[in-house]
$ cat coords_15.txt   # compact mmCIF, C-alpha atoms
# COMPACT_ATOMS: atom_id res chain seq x y z
CA MET A 1 162.80 120.90 94.07
CA ASP A 2 160.03 123.18 95.26
CA LYS A 3 156.87 122.17 93.41
CA SER A 4 156.09 125.73 92.44
CA LYS A 5 159.40 126.07 90.59
CA LYS A 6 158.96 122.83 88.74
CA TYR A 7 156.99 124.14 85.77
CA MET A 8 156.47 127.60 84.32
CA ASN A 9 153.06 129.16 84.82
CA PRO A 10 151.04 127.87 81.83
CA TYR A 11 149.63 131.28 80.96
CA LEU A 12 153.13 132.76 80.90
CA ALA A 13 154.38 129.91 78.73
CA GLY A 14 151.41 130.38 76.43
CA PHE A 15 152.05 134.10 76.27
CA ILE A 16 155.68 133.54 75.28
CA ILE A 17 154.67 131.06 72.58
CA GLY A 18 152.10 133.57 71.35
CA LEU A 19 154.83 136.19 71.08
CA MET A 20 156.98 133.74 69.13
CA MET A 21 154.05 133.15 66.78
CA ILE A 22 153.66 136.89 66.22
CA ALA A 23 157.41 137.19 65.62
CA ALA A 24 157.28 134.30 63.16
CA TYR A 25 154.59 135.97 61.06
CA PHE A 26 156.16 139.41 61.40
CA PHE A 27 159.66 138.43 60.33
CA SER A 28 159.15 135.48 57.99
CA GLY A 29 155.55 135.80 56.85
CA GLU A 30 154.75 132.29 58.04
CA GLY A 31 153.68 130.87 61.39
CA LEU A 32 155.31 128.39 63.75
CA GLY A 33 155.29 124.78 62.63
CA SER A 34 156.86 121.40 63.08
CA SER A 35 155.67 118.60 60.83
CA GLY A 36 156.89 120.43 57.72
CA ALA A 37 160.41 120.21 59.10
CA TYR A 38 160.03 116.46 59.59
CA ARG A 39 158.83 116.18 56.00
CA ASN A 40 161.75 118.23 54.73
CA ILE A 41 164.29 116.19 56.67
CA THR A 42 162.69 113.01 55.30
CA LEU A 43 162.83 114.49 51.80
CA TRP A 44 166.45 115.49 52.13
CA ALA A 45 167.49 112.03 53.33
CA ALA A 46 165.37 110.22 50.75
CA ASN A 47 166.54 112.52 48.01
CA GLY A 48 170.12 111.77 48.91
CA ILE A 49 169.49 108.07 48.69
CA ALA A 50 167.18 107.88 45.68
CA HIS A 51 167.08 111.23 43.93
CA ASN A 52 165.24 110.26 40.77
CA ALA A 53 162.61 108.30 42.62
CA ILE A 54 161.90 111.25 44.91
CA ALA A 55 161.89 113.91 42.22
CA ASN A 56 159.33 111.92 40.26
CA ASP A 57 157.34 110.79 43.27
CA ASP A 58 153.66 111.69 43.21
CA TYR A 59 153.72 113.08 46.74
CA PHE A 60 157.28 114.12 47.52
CA GLY A 61 158.06 115.34 44.04
CA LYS A 62 156.16 118.56 44.50
CA PHE A 63 158.18 119.55 47.56
CA ILE A 64 161.49 119.27 45.73
CA GLY A 65 162.49 121.85 43.16
CA SER A 66 165.67 121.27 41.19
CA GLY A 67 168.64 122.24 43.30
CA VAL A 68 166.56 123.29 46.29
CA ASN A 69 167.87 121.87 49.54
CA PRO A 70 164.85 121.05 51.71
CA LEU A 71 166.92 121.63 54.83
CA ASN A 72 167.37 125.26 53.90
CA THR A 73 163.93 126.28 55.05
CA TRP A 74 162.48 128.38 57.84
CA LEU A 75 160.84 125.44 59.62
CA VAL A 76 164.03 123.39 59.77
CA PHE A 77 165.93 126.31 61.29
CA GLU A 78 163.07 126.91 63.73
CA MET A 79 163.40 123.26 64.81
CA LEU A 80 167.12 123.77 65.44
CA GLY A 81 166.12 126.59 67.75
CA LEU A 82 163.54 124.30 69.36
CA ILE A 83 166.34 121.92 70.35
CA ALA A 84 168.36 124.77 71.82
CA GLY A 85 165.44 126.20 73.73
CA ALA A 86 164.41 122.83 75.12
CA LEU A 87 167.98 122.11 76.20
CA ILE A 88 168.33 125.46 77.95
CA SER A 89 165.05 125.08 79.80
CA ALA A 90 165.68 121.46 80.73
CA GLY A 91 169.14 122.37 81.94
CA PHE A 92 167.76 125.17 84.04
CA HIS A 93 165.02 122.98 85.52
CA ASN A 94 167.22 119.93 86.06
CA ARG A 95 165.30 117.85 83.55
CA LEU A 96 168.15 116.83 81.28
CA LYS A 97 168.01 113.10 81.65
CA PHE A 98 167.89 109.94 79.58
CA GLU A 99 164.67 108.36 80.74
CA ILE A 100 161.36 106.94 79.67
CA VAL A 101 158.50 109.02 81.02
CA LYS A 102 155.42 106.91 81.59
CA SER A 103 152.65 105.97 83.97
CA PRO A 104 153.93 103.62 86.69
CA LYS A 105 151.10 101.28 85.75
CA ILE A 106 152.55 100.29 82.38
CA THR A 107 155.87 98.80 81.34
CA ASN A 108 158.65 100.54 79.45
CA LYS A 109 157.97 98.25 76.51
CA THR A 110 154.32 99.27 76.37
CA ARG A 111 155.26 102.93 76.52
CA LEU A 112 157.79 102.63 73.73
CA ILE A 113 155.45 100.68 71.46
CA ALA A 114 152.73 103.24 72.08
CA ALA A 115 155.17 106.06 71.35
CA LEU A 116 156.19 104.44 68.08
CA ILE A 117 152.59 103.89 66.99
CA GLY A 118 151.67 107.42 68.02
CA GLY A 119 154.53 108.79 65.97
CA VAL A 120 153.55 106.81 62.88
CA LEU A 121 149.97 108.08 63.17
CA TRP A 122 151.22 111.67 63.40
CA GLY A 123 153.46 111.08 60.40
CA VAL A 124 150.45 110.07 58.34
CA GLY A 125 147.98 112.51 59.87
CA THR A 126 150.15 115.58 59.39
CA GLN A 127 150.70 114.90 55.72
CA LEU A 128 147.02 114.35 55.12
CA GLY A 129 145.97 117.27 57.30
CA ARG A 130 148.67 119.63 56.07
CA GLY A 131 150.25 120.34 59.42
CA CYS A 132 150.27 119.57 63.13
CA THR A 133 149.14 121.31 66.31
CA SER A 134 151.46 124.26 65.78
CA GLY A 135 151.49 124.57 62.01
CA LEU A 136 147.93 123.63 61.16
CA ILE A 137 146.01 124.58 64.28
CA MET A 138 147.84 127.28 66.21
CA SER A 139 149.22 129.15 63.20
CA GLY A 140 145.80 128.88 61.58
CA MET A 141 143.98 130.20 64.64
CA ALA A 142 146.42 133.11 64.83
CA VAL A 143 145.13 134.40 61.49
CA ASN A 144 141.52 133.27 61.84
CA SER A 145 141.88 130.53 59.24
CA LEU A 146 139.01 128.04 59.07
CA SER A 147 141.57 125.27 58.53
CA GLY A 148 143.04 125.89 61.97
CA TYR A 149 139.67 125.62 63.67
CA ILE A 150 138.70 122.47 61.79
CA GLY A 151 142.03 121.02 62.88
CA LEU A 152 141.40 122.12 66.47
CA ILE A 153 138.05 120.36 66.64
CA ALA A 154 139.28 117.23 64.85
CA VAL A 155 142.45 116.81 66.92
CA PHE A 156 141.15 117.73 70.34
CA GLY A 157 137.65 116.43 69.78
CA GLY A 158 139.15 113.23 68.45
CA GLY A 159 141.41 112.97 71.47
CA TYR A 160 138.43 113.08 73.80
CA MET A 161 136.65 110.48 71.66
CA PHE A 162 139.55 108.05 71.80
CA ALA A 163 140.70 108.77 75.35
CA TYR A 164 138.49 106.26 77.14
CA PHE A 165 139.79 103.34 75.06
CA VAL A 166 143.45 103.90 75.92
CA ARG A 167 143.02 105.24 79.43
CA LYS A 168 145.13 102.42 80.85
CA LEU A 169 148.17 104.04 79.26
CA TRP A 170 147.74 107.11 81.43
CA ILE A 171 145.66 106.59 84.57
CA MET B 1 155.81 147.16 58.29
CA GLY B 2 155.82 143.37 58.38
CA PRO B 3 156.03 140.71 57.16
CA LEU B 4 159.68 141.54 56.55
CA PHE B 5 161.04 138.61 54.57
CA PRO B 6 158.28 138.40 51.92
CA GLN B 7 158.98 142.07 51.17
CA ASN B 8 162.74 141.52 51.08
CA ILE B 9 163.25 143.91 53.97
CA ILE B 10 165.45 141.23 55.52
CA THR B 11 167.59 138.74 53.64
CA GLU B 12 167.18 134.98 53.70
CA PRO B 13 170.15 134.29 55.99
CA VAL B 14 168.83 136.83 58.47
CA ASN B 15 165.36 135.30 58.20
CA LEU B 16 166.77 131.86 58.96
CA LEU B 17 168.82 133.14 61.88
CA ILE B 18 165.72 134.75 63.34
CA ALA B 19 163.96 131.40 62.83
CA VAL B 20 166.51 129.82 65.16
CA LEU B 21 165.91 132.53 67.78
CA ILE B 22 162.15 132.18 67.55
CA GLY B 23 162.45 128.40 67.74
CA THR B 24 164.58 128.79 70.84
CA GLY B 25 161.87 130.83 72.54
CA PHE B 26 159.25 128.30 71.46
CA GLY B 27 161.27 125.31 72.63
CA PHE B 28 162.11 126.96 75.94
CA ALA B 29 158.48 127.72 76.71
CA LEU B 30 157.32 124.23 75.73
CA GLU B 31 159.88 122.53 77.94
CA ALA B 32 159.37 124.97 80.80
CA ALA B 33 155.63 124.31 80.77
CA GLY B 34 156.31 120.58 81.09
CA PHE B 35 155.44 119.56 77.56
CA THR B 36 158.26 117.02 77.41
CA ASN B 37 156.20 114.92 79.82
CA THR B 38 153.47 112.98 77.99
CA ARG B 39 151.60 112.38 81.23
CA LYS B 40 151.08 116.13 81.53
CA LEU B 41 150.17 116.40 77.85
CA ALA B 42 147.58 113.63 78.04
CA GLY B 43 146.12 115.11 81.20
CA VAL B 44 143.79 117.40 79.28
CA PHE B 45 141.92 114.36 78.00
CA TYR B 46 141.49 112.80 81.43
CA GLY B 47 140.93 115.88 83.51
CA TYR B 48 143.94 115.68 85.80
CA ASP B 49 146.10 118.30 84.08
CA PHE B 50 144.69 120.98 81.82
CA VAL B 51 148.06 122.57 81.10
CA VAL B 52 147.70 121.91 77.36
CA LEU B 53 144.44 123.82 77.16
CA LYS B 54 145.83 126.76 79.12
CA VAL B 55 149.07 127.05 77.16
CA PHE B 56 147.53 126.39 73.76
CA PHE B 57 144.66 128.84 73.97
CA THR B 58 146.77 131.53 75.62
CA ALA B 59 149.29 131.18 72.80
CA ALA B 60 146.74 131.13 70.00
CA MET B 61 144.77 134.10 71.34
CA THR B 62 147.87 136.12 72.22
CA ALA B 63 148.98 135.68 68.63
CA ALA B 64 145.54 136.38 67.16
CA ILE B 65 145.02 139.51 69.26
CA GLY B 66 148.57 140.72 68.68
CA LEU B 67 148.41 140.22 64.93
CA PHE B 68 144.95 141.77 64.73
CA PHE B 69 146.10 144.99 66.39
CA MET B 70 149.39 145.06 64.50
CA ASN B 71 147.43 144.75 61.27
CA TYR B 72 145.02 147.44 62.41
CA PHE B 73 147.83 149.86 63.22
CA GLY B 74 149.77 149.13 60.05
CA LEU B 75 152.65 147.27 61.71
CA ILE B 76 151.99 144.18 59.63
CA ASP B 77 150.05 143.56 56.41
CA LEU B 78 148.23 140.28 56.86
CA GLN B 79 147.52 140.18 53.12
CA LEU B 80 151.20 139.40 52.58
CA ILE B 81 151.60 136.49 54.96
CA TYR B 82 151.31 132.83 54.07
CA TYR B 83 147.60 132.12 54.53
CA PRO B 84 146.67 128.44 54.44
CA SER B 85 144.01 127.00 52.17
CA THR B 86 141.26 125.06 53.84
CA TYR B 87 140.61 121.49 52.75
CA TRP B 88 137.90 120.50 55.16
CA LEU B 89 137.74 116.74 54.57
CA PRO B 90 141.40 115.65 54.70
CA THR B 91 141.88 118.03 57.62
CA ILE B 92 139.14 116.27 59.57
CA VAL B 93 140.42 112.80 58.68
CA GLY B 94 144.04 113.78 59.23
CA GLY B 95 143.04 115.45 62.47
CA LEU B 96 141.36 112.31 63.75
CA ILE B 97 144.44 110.26 62.88
CA MET B 98 146.56 112.82 64.71
CA ALA B 99 144.16 112.66 67.65
CA LEU B 100 144.64 108.91 67.91
CA GLY B 101 148.38 109.46 67.65
CA PHE B 102 148.17 112.01 70.46
CA ILE B 103 146.23 109.84 72.87
CA VAL B 104 148.30 106.72 72.15
CA GLY B 105 151.73 108.31 71.86
CA GLY B 106 151.27 111.27 74.12
CA PHE B 107 153.11 113.76 71.93
CA CYS B 108 152.76 115.83 68.82
CA PRO B 109 155.71 116.42 66.46
CA GLY B 110 156.95 119.63 68.10
CA THR B 111 156.73 118.49 71.70
CA SER B 112 158.31 115.15 70.86
CA PHE B 113 161.21 116.94 69.22
CA CYS B 114 161.78 119.01 72.36
CA ALA B 115 161.48 115.97 74.56
CA ALA B 116 163.82 113.91 72.39
CA SER B 117 166.39 116.70 72.61
CA THR B 118 166.31 116.52 76.39
CA GLY B 119 166.81 112.77 76.57
CA LYS B 120 163.35 111.31 76.72
CA ILE B 121 163.70 107.89 75.11
CA ASP B 122 159.98 107.53 74.48
CA ALA B 123 160.15 110.81 72.58
CA ILE B 124 163.06 109.62 70.47
CA THR B 125 160.98 106.56 69.59
CA PHE B 126 158.02 108.78 68.75
CA VAL B 127 160.18 110.97 66.50
CA GLY B 128 161.33 107.85 64.69
CA GLY B 129 157.71 106.89 64.28
CA VAL B 130 156.86 110.23 62.69
CA PHE B 131 159.55 109.73 60.06
CA ILE B 132 158.31 106.20 59.40
CA GLY B 133 154.76 107.50 59.06
CA ILE B 134 155.78 110.18 56.57
CA ILE B 135 157.74 107.70 54.46
CA GLY B 136 154.91 105.19 54.59
CA TYR B 137 152.42 107.85 53.59
CA GLY B 138 154.59 108.83 50.64
CA LEU B 139 154.99 105.24 49.51
CA VAL B 140 151.24 104.57 49.33
CA TYR B 141 150.19 108.10 48.53
CA THR B 142 148.83 107.60 45.04
CA PRO B 143 146.56 104.62 45.63
CA VAL B 144 145.57 105.42 49.20
CA PHE B 145 145.70 109.12 50.01
CA SER B 146 145.91 111.29 46.92
CA LYS B 147 142.19 111.68 46.28
CA LEU B 148 141.39 112.38 49.91
CA ARG B 149 144.19 114.89 50.28
CA ALA B 150 142.98 116.93 47.34
CA SER B 151 139.33 116.83 48.37
CA GLY B 152 137.29 119.34 50.33
CA LYS B 153 139.08 122.31 48.80
CA MET B 154 137.61 125.62 49.91
CA GLY B 155 140.51 127.94 49.14
CA ARG B 156 141.58 130.49 51.71
CA VAL B 157 138.76 130.82 54.17
CA ASN B 158 138.68 133.25 57.08
CA ILE B 159 136.43 131.75 59.74
CA ALA B 160 135.08 135.13 60.85
CA GLU B 161 134.07 135.97 57.30
CA TRP B 162 132.66 132.48 56.87
CA LEU B 163 130.50 133.05 59.95
CA GLY B 164 129.56 136.52 58.80
CA ILE B 165 131.19 138.50 61.59
CA SER B 166 134.25 140.71 61.81
CA ASP B 167 137.73 139.39 62.56
CA GLY B 168 137.90 141.38 65.77
CA LEU B 169 134.54 140.18 67.05
CA PHE B 170 135.42 136.57 66.36
CA ILE B 171 138.72 136.86 68.21
CA PHE B 172 136.93 138.58 71.08
CA ILE B 173 134.38 135.77 71.35
CA VAL B 174 137.01 133.02 71.28
CA THR B 175 139.03 134.87 73.90
CA ILE B 176 136.04 135.10 76.21
CA ILE B 177 135.35 131.41 75.70
CA ALA B 178 138.99 130.64 76.49
CA LEU B 179 138.93 132.74 79.66
CA VAL B 180 135.77 131.04 80.87
CA ALA B 181 137.30 127.67 80.02
CA PHE B 182 140.40 128.51 82.06
CA VAL B 183 138.32 129.19 85.14
CA VAL B 184 136.14 126.12 84.67
CA VAL B 185 138.93 123.63 84.04
CA THR B 186 140.96 124.94 86.95
CA LYS B 187 138.03 124.22 89.24
CA LEU B 188 137.34 120.82 87.67
CA GLN B 189 140.99 119.81 87.89
CA ALA B 190 141.16 120.75 91.56
CA LYS B 191 137.97 118.86 92.30
CA TRP B 192 139.00 115.70 90.49
CA ASN B 193 142.58 115.74 91.76
CA ALA B 194 141.43 115.89 95.36
CA LYS B 195 140.98 112.15 94.92
CA ARG B 196 144.39 111.45 93.39
CA SER B 197 147.47 110.27 95.22
CA ASP B 198 150.16 112.71 96.30
CA GLU B 199 152.69 110.74 94.33
CA PHE B 200 150.71 111.12 91.12
CA LEU B 201 150.32 114.85 91.65
CA ASP B 202 153.94 115.40 92.66
CA ASP B 203 155.18 113.62 89.55
CA LEU B 204 153.26 116.06 87.41
CA GLY B 205 154.01 119.14 89.49
CA LEU B 206 150.36 119.59 90.41
CA ASP B 207 148.87 121.10 93.55
CA ASP B 208 146.94 118.85 95.89
$ encode --input "coords_15.txt" --output "structure tokens"
Amino acid sequence: MDKSKKYMNPYLAGFIIGLMMIAAYFFSGEGLGSSGAYRNITLWAANGIAHNAIANDDYFGKFIGSGVNPLNTWLVFEMLGLIAGALISAGFHNRLKFEIVKSPKITNKTRLIAALIGGVLWGVGTQLGRGCTSGLIMSGMAVNSLSGYIGLIAVFGGGYMFAYFVRKLWI
Amino acid sequence: MGPLFPQNIITEPVNLLIAVLIGTGFGFALEAAGFTNTRKLAGVFYGYDFVVLKVFFTAAMTAAIGLFFMNYFGLIDLQLIYYPSTYWLPTIVGGLIMALGFIVGGFCPGTSFCAASTGKIDAITFVGGVFIGIIGYGLVYTPVFSKLRASGKMGRVNIAEWLGISDGLFIFIVTIIALVAFVVVTKLQAKWNAKRSDEFLDDLGLDD
């Protein structure tokens, strides 16, 4: 495929995401997000398995009201849309494929272990930091919230700090 | 004027349907920009692909500028939207943990979800990891995290106000910084990639 058709112009993609952020605030009163949906899905599953433990849990308890289904929230529905949008774009760009994407210099096993560890770290970090790149940082920046900018510096600054030590994963 | 749902101008089912549509636009743009490929995502930290910087800042500033003018012209009342509280300490610590997760795993929760949807097995693994992390966090919350999470509370803080300048001026300054950054990183990327193999660049859809 012609290289120039491979990926959308980044400024155009950014512009579209920016419009989606505006739409999110305009229609729902909240910004785009992601980790909150993960938390809600976790809550819903855990609540189904061990309701009393979850309702009384020091951390999860506060996210569950009586009778409130955590799946019935804006973020979870946004994530459903995320799946649809990703599928449409991948279909259009011929990128629908079961594969492991990694540097040719590392093994599949290394990549998968790194992915698992990375995910666990995000699971912890998002709960502590109250959001992820979209919910904490981008949605925060969109309304000039200090929290978004602190997140920006911590996440991206931190990335640069740690990059050298794991460079073999990428280059 | 917006925000519509908090003022009951639209009902909850309509709000949730619109959420799906907005998510679709978001997911489409993320995938189209190549964000299901962790090698492209990590590129910003190694200088071979600054796509993350370009997309992220364009998105954030488009939203900030758009919302600023909509608020100014009465199309939206920003006093009625969900405005986050700032907790500076757990945000820094959480952010650093996320940063490590980013550079090791290559994704963030949203991009991994998109990538998992399109078949990327490493993304599916990452998504599993996020769930494990959340559960683990919850299990040890009280002894390990509760104090930290509640610390550093500043309430709702607008960074422009905090710096003593107007919203509009702050957004203007950040936008200028972003535009300068776009030019600089484009040049740096071209310079550094002149030394990289064609195969490497082709894989990531980059110009040589």
$ closest_residue --input "coords_15.txt" --among "B:Phe35, B:Phe170, B:Trp192, B:Phe126" --to "B:Val52" --atoms "all atoms listed in the file"
B:Phe35
$ closest_residue --input "coords_15.txt" --among "A:Gly151, A:Gly81, A:Gly91, A:Gly135" --to "B:Ile18" --atoms "all atoms listed in the file"
A:Gly81
$ closest_residue --input "coords_15.txt" --among "A:Ala13, A:Ile153, A:Leu32, A:Val68" --to "chain B" --atoms "all atoms listed in the file"
A:Ala13
$ residues_around --input "coords_15.txt" --residues "stretch 86-102 of chain B" --least-positions-apart "3" --cutoff "6 Å" --atoms "all atoms listed in the file" --output "MDAnalysis selection string"
(chainID A and resid 118 121:122 125 128:129 147 151 154:155 158:159) or (chainID B and resid 105:107 148:149 152:156)
$ residues_around --input "coords_15.txt" --residues "A:Phe92" --least-positions-apart "3" --cutoff "12 Å" --atoms "only C-alpha atoms" --output "list in words"
Met1, Lys5, Lys6, Tyr7, Met8, Gly85, Ala86, Leu87, Ile88, Ser89, Arg95 and Leu96 of chain A; Phe28, Glu31, Ala32 and Thr118 of chain B
$ closest_residue --input "coords_15.txt" --among "A:Gly48, A:Gly119, A:Gly157, A:Gly140" --to "chain B" --atoms "only C-alpha atoms"
A:Gly119
$ closest_residue --input "coords_15.txt" --among "B:Leu17, B:Ala64, B:Val174, B:Leu201" --to "chain A" --atoms "all atoms listed in the file"
B:Ala64
$ closest_residue --input "coords_15.txt" --among "B:Ala194, B:Ile173, B:Met1, B:Ala42" --to "B:Met70" --atoms "all atoms listed in the file"
B:Met1
$ residues_around --input "coords_15.txt" --residues "B:Leu53" --least-positions-apart "6" --cutoff "12 Å" --atoms "only C-alpha atoms" --output "JSON, numbers by chain"
{"A": [10, 11, 13, 14, 138, 152, 156], "B": [33, 35, 40, 41, 42, 43, 44, 45, 47, 59, 60, 61, 177, 178, 179, 180, 181, 182, 183, 184, 185, 186, 189]}
$ write_last_selection --input "coords_15.txt" --atoms "C-alpha atoms" --output "CSV table (one decimal), in the frame of the given file"
chain,number,residue,atom,x,y,z
A,10,PRO,CA,151.0,127.9,81.8
A,11,TYR,CA,149.6,131.3,81.0
A,13,ALA,CA,154.4,129.9,78.7
A,14,GLY,CA,151.4,130.4,76.4
A,138,MET,CA,147.8,127.3,66.2
A,152,LEU,CA,141.4,122.1,66.5
A,156,PHE,CA,141.2,117.7,70.3
B,33,ALA,CA,155.6,124.3,80.8
B,35,PHE,CA,155.4,119.6,77.6
B,40,LYS,CA,151.1,116.1,81.5
B,41,LEU,CA,150.2,116.4,77.8
B,42,ALA,CA,147.6,113.6,78.0
B,43,GLY,CA,146.1,115.1,81.2
B,44,VAL,CA,143.8,117.4,79.3
B,45,PHE,CA,141.9,114.4,78.0
B,47,GLY,CA,140.9,115.9,83.5
B,59,ALA,CA,149.3,131.2,72.8
B,60,ALA,CA,146.7,131.1,70.0
B,61,MET,CA,144.8,134.1,71.3
B,177,ILE,CA,135.4,131.4,75.7
B,178,ALA,CA,139.0,130.6,76.5
B,179,LEU,CA,138.9,132.7,79.7
B,180,VAL,CA,135.8,131.0,80.9
B,181,ALA,CA,137.3,127.7,80.0
B,182,PHE,CA,140.4,128.5,82.1
B,183,VAL,CA,138.3,129.2,85.1
B,184,VAL,CA,136.1,126.1,84.7
B,185,VAL,CA,138.9,123.6,84.0
B,186,THR,CA,141.0,124.9,87.0
B,189,GLN,CA,141.0,119.8,87.9
$ residues_around --input "coords_15.txt" --residues "A:Gln127" --least-positions-apart "4" --cutoff "8 Å" --atoms "only C-alpha atoms" --output "list in words"
Gly123 and Gly131 of chain A; Gly94, Ile134 and Tyr137 of chain B
$ residues_near_point --input "coords_15.txt" --point "(165.2, 135.2, 57.9)" --cutoff "10 Å" --atoms "all atoms listed in the file" --output "NGL selection string"
(:A and (24 or 27-29 or 73-74 or 77)) or (:B and (4-6 or 8-20))
$ closest_atom_pairs --input "coords_15.txt" --of "stretch 65-118 of chain A" --to "stretch 33-39 of chain A" --cutoff "8 Å" --atoms "all atoms listed in the file" --output "CSV"
residue,atom,partner,partner_atom,distance
A:Leu71,CA,A:Ala37,CA,7.9
A:Leu75,CA,A:Ala37,CA,5.3
A:Val76,CA,A:Ala37,CA,4.9
A:Met79,CA,A:Ser34,CA,7.0
$ atom_distance --input "coords_15.txt" --atom1 "atom CA of B:Asn71" --atom2 "atom CA of A:Ile22"
11.2 Å
$ atom_distance --input "coords_15.txt" --atom1 "atom CA of B:Ile22" --atom2 "atom CA of A:Leu12"
16.1 Å
$ atom_distance --input "coords_15.txt" --atom1 "atom CA of B:Ala160" --atom2 "atom CA of A:Asn144"
6.8 Å
$ build_atoms --input "coords_15.txt" --residues "stretch 19-35 of chain B" --atoms "N, CA and C atoms" --output "PDB file, keeping the file's coordinate frame"
ATOM      1  N   ALA B  19     164.724 132.632  62.625  1.00  0.00           N
ATOM      2  CA  ALA B  19     163.960 131.400  62.830  1.00  0.00           C
ATOM      3  C   ALA B  19     164.531 130.609  63.998  1.00  0.00           C
ATOM      4  N   VAL B  20     165.858 130.550  64.063  1.00  0.00           N
ATOM      5  CA  VAL B  20     166.510 129.820  65.160  1.00  0.00           C
ATOM      6  C   VAL B  20     166.168 130.487  66.499  1.00  0.00           C
ATOM      7  N   LEU B  21     166.210 131.812  66.531  1.00  0.00           N
ATOM      8  CA  LEU B  21     165.910 132.530  67.780  1.00  0.00           C
ATOM      9  C   LEU B  21     164.464 132.312  68.204  1.00  0.00           C
ATOM     10  N   ILE B  22     163.571 132.396  67.249  1.00  0.00           N
ATOM     11  CA  ILE B  22     162.150 132.180  67.550  1.00  0.00           C
ATOM     12  C   ILE B  22     161.927 130.749  68.029  1.00  0.00           C
ATOM     13  N   GLY B  23     162.559 129.805  67.338  1.00  0.00           N
ATOM     14  CA  GLY B  23     162.450 128.400  67.740  1.00  0.00           C
ATOM     15  C   GLY B  23     162.967 128.186  69.148  1.00  0.00           C
ATOM     16  N   THR B  24     164.018 128.910  69.496  1.00  0.00           N
ATOM     17  CA  THR B  24     164.580 128.790  70.840  1.00  0.00           C
ATOM     18  C   THR B  24     163.567 129.230  71.881  1.00  0.00           C
ATOM     19  N   GLY B  25     162.902 130.357  71.624  1.00  0.00           N
ATOM     20  CA  GLY B  25     161.870 130.830  72.540  1.00  0.00           C
ATOM     21  C   GLY B  25     160.734 129.821  72.652  1.00  0.00           C
ATOM     22  N   PHE B  26     160.330 129.285  71.525  1.00  0.00           N
ATOM     23  CA  PHE B  26     159.250 128.300  71.460  1.00  0.00           C
ATOM     24  C   PHE B  26     159.628 127.057  72.253  1.00  0.00           C
ATOM     25  N   GLY B  27     160.804 126.522  71.969  1.00  0.00           N
ATOM     26  CA  GLY B  27     161.270 125.310  72.630  1.00  0.00           C
ATOM     27  C   GLY B  27     161.433 125.507  74.130  1.00  0.00           C
ATOM     28  N   PHE B  28     161.931 126.669  74.517  1.00  0.00           N
ATOM     29  CA  PHE B  28     162.110 126.960  75.940  1.00  0.00           C
ATOM     30  C   PHE B  28     160.765 126.937  76.649  1.00  0.00           C
ATOM     31  N   ALA B  29     159.797 127.639  76.074  1.00  0.00           N
ATOM     32  CA  ALA B  29     158.480 127.720  76.710  1.00  0.00           C
ATOM     33  C   ALA B  29     157.801 126.347  76.777  1.00  0.00           C
ATOM     34  N   LEU B  30     157.937 125.563  75.724  1.00  0.00           N
ATOM     35  CA  LEU B  30     157.320 124.230  75.730  1.00  0.00           C
ATOM     36  C   LEU B  30     157.917 123.369  76.839  1.00  0.00           C
ATOM     37  N   GLU B  31     159.242 123.358  76.923  1.00  0.00           N
ATOM     38  CA  GLU B  31     159.880 122.530  77.940  1.00  0.00           C
ATOM     39  C   GLU B  31     159.562 123.053  79.330  1.00  0.00           C
ATOM     40  N   ALA B  32     159.613 124.378  79.489  1.00  0.00           N
ATOM     41  CA  ALA B  32     159.370 124.970  80.800  1.00  0.00           C
ATOM     42  C   ALA B  32     157.957 124.676  81.296  1.00  0.00           C
ATOM     43  N   ALA B  33     157.026 124.574  80.377  1.00  0.00           N
ATOM     44  CA  ALA B  33     155.630 124.310  80.770  1.00  0.00           C
ATOM     45  C   ALA B  33     155.414 122.830  81.078  1.00  0.00           C
ATOM     46  N   GLY B  34     156.413 122.002  80.781  1.00  0.00           N
ATOM     47  CA  GLY B  34     156.310 120.580  81.090  1.00  0.00           C
ATOM     48  C   GLY B  34     155.855 119.725  79.925  1.00  0.00           C
ATOM     49  N   PHE B  35     155.944 120.285  78.709  1.00  0.00           N
ATOM     50  CA  PHE B  35     155.440 119.560  77.560  1.00  0.00           C
ATOM     51  C   PHE B  35     156.360 118.459  77.058  1.00  0.00           C
TER      52      PHE B  35
END
